[in-house]
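Visitor: My structure is below; once you've seen it, I'll send some questions.
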Amino acid sequence: MNTKLSRLFASIIEAGWLAALIVTPLFFNVHSSRVFEPDKLSLLRSIALIMAVAWLGKTANEGLGAFKASAGEPSSLWQRIRMTPLVLPTLILVLSYLISTVLSVSPRISWWGSYQRMQGTYTTYSYIVIFCLLLGNLRRREQWLRIVYVMILTSLPIAFYGILQRTGADPLPWGGNVRTRIASNMGNSIFVAAYLL
């Protein structure tokens, strides 16, 4: 059932993945004690949480009929999981993270992540929520094109800021040498390289 409310929730979900693609790479706060990674992850976690709430609202509005297979799709849930690429490995990853967090020496740190990096189970589940919502809601070519355009446009200021650092025109006083080892707004040259690739 495609109602106005369902379309609103679907729009919030799409706005969420686009916001994650824009805000997470671009954001950094020089006034924070942890300039890059934890602040970016706090934003990403919040975006994933909003997307999950929108998905719950959409699912409640559409009812369980939304999960029924369309014509030409496998009928059982297990067949759909098995036939969709990366879903089964993702479910195994979710389960392994849950087991390792419960059996951890320090479950609290395992769930939330360390103070310095925040790379815990909650952060990984945030990535997985965004992946699953993309997988379930990315249906039209226009949506795919928006993702591509957003990724390209977001990479431009990141690359430009790296060029500023390389030329020595960076106005911010960083602790390390960002002229020979460009960190741009990712905090680490390895992260910048991985992002731009």
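Starting from 1 in every chain, residues are counted up; chains themselves are A, B, ... following the order of the structure tokens, and ligands are numbered from 1 as listed.
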For Tyr195 in chain A, work out the shell of residues within 12 Å, counting only C-alpha atoms and skipping chain neighbours fewer than 6 positions away, then give it as a list of chain:residue names.

Guide: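 The residues satisfying every condition are A:Leu21, A:Thr24, A:Pro25, A:Leu26, A:Met151, A:Ile152, A:Thr154, A:Ser155, A:Leu156, A:Ile158, A:Ala159, A:Ala183, A:Ser184, A:Asn185, A:Met186, A:Gly187, A:Asn188, A:Ser189.
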
Visitor: Which is closest to Leu88 in chain A among A:Leu41, A:Ala10, A:Leu103, A:Cys132, if we use only C-alpha atoms?

Guide: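 So, comparing all the options, the nearest one is A:Cys132.
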
Visitor: Could you tell me, as number ranges by chain, which residues of chain A DSSP assigns to alpha helix (DSSP H) when given the backbone?

Guide: A: 4-26, 37-62, 77-83, 87-102, 107-112, 121-137, 141-167, 189-196

Visitor: To one decimal in Å, tell me the separation between CA of Glu37 in chain A and CA of Gly176 in chain A.

Guide: 16.4 Å

Visitor: Determine the nearest neighbour of Asn137 in chain A from the options A:Gly16, A:Gly120, A:Pro157, A:Pro171, counting only C-alpha atoms.

Guide: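 With only C-alpha atoms as the atom set, the closest residue is A:Gly16.
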
Visitor: Measuring between only C-alpha atoms, which one of A:Ile50, A:Ala60, A:Ile22, A:Leu95 shows the shortest distance to Leu5 in chain A?

Guide: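 The answer is A:Ala60, which sits nearest to Leu5 in chain A.
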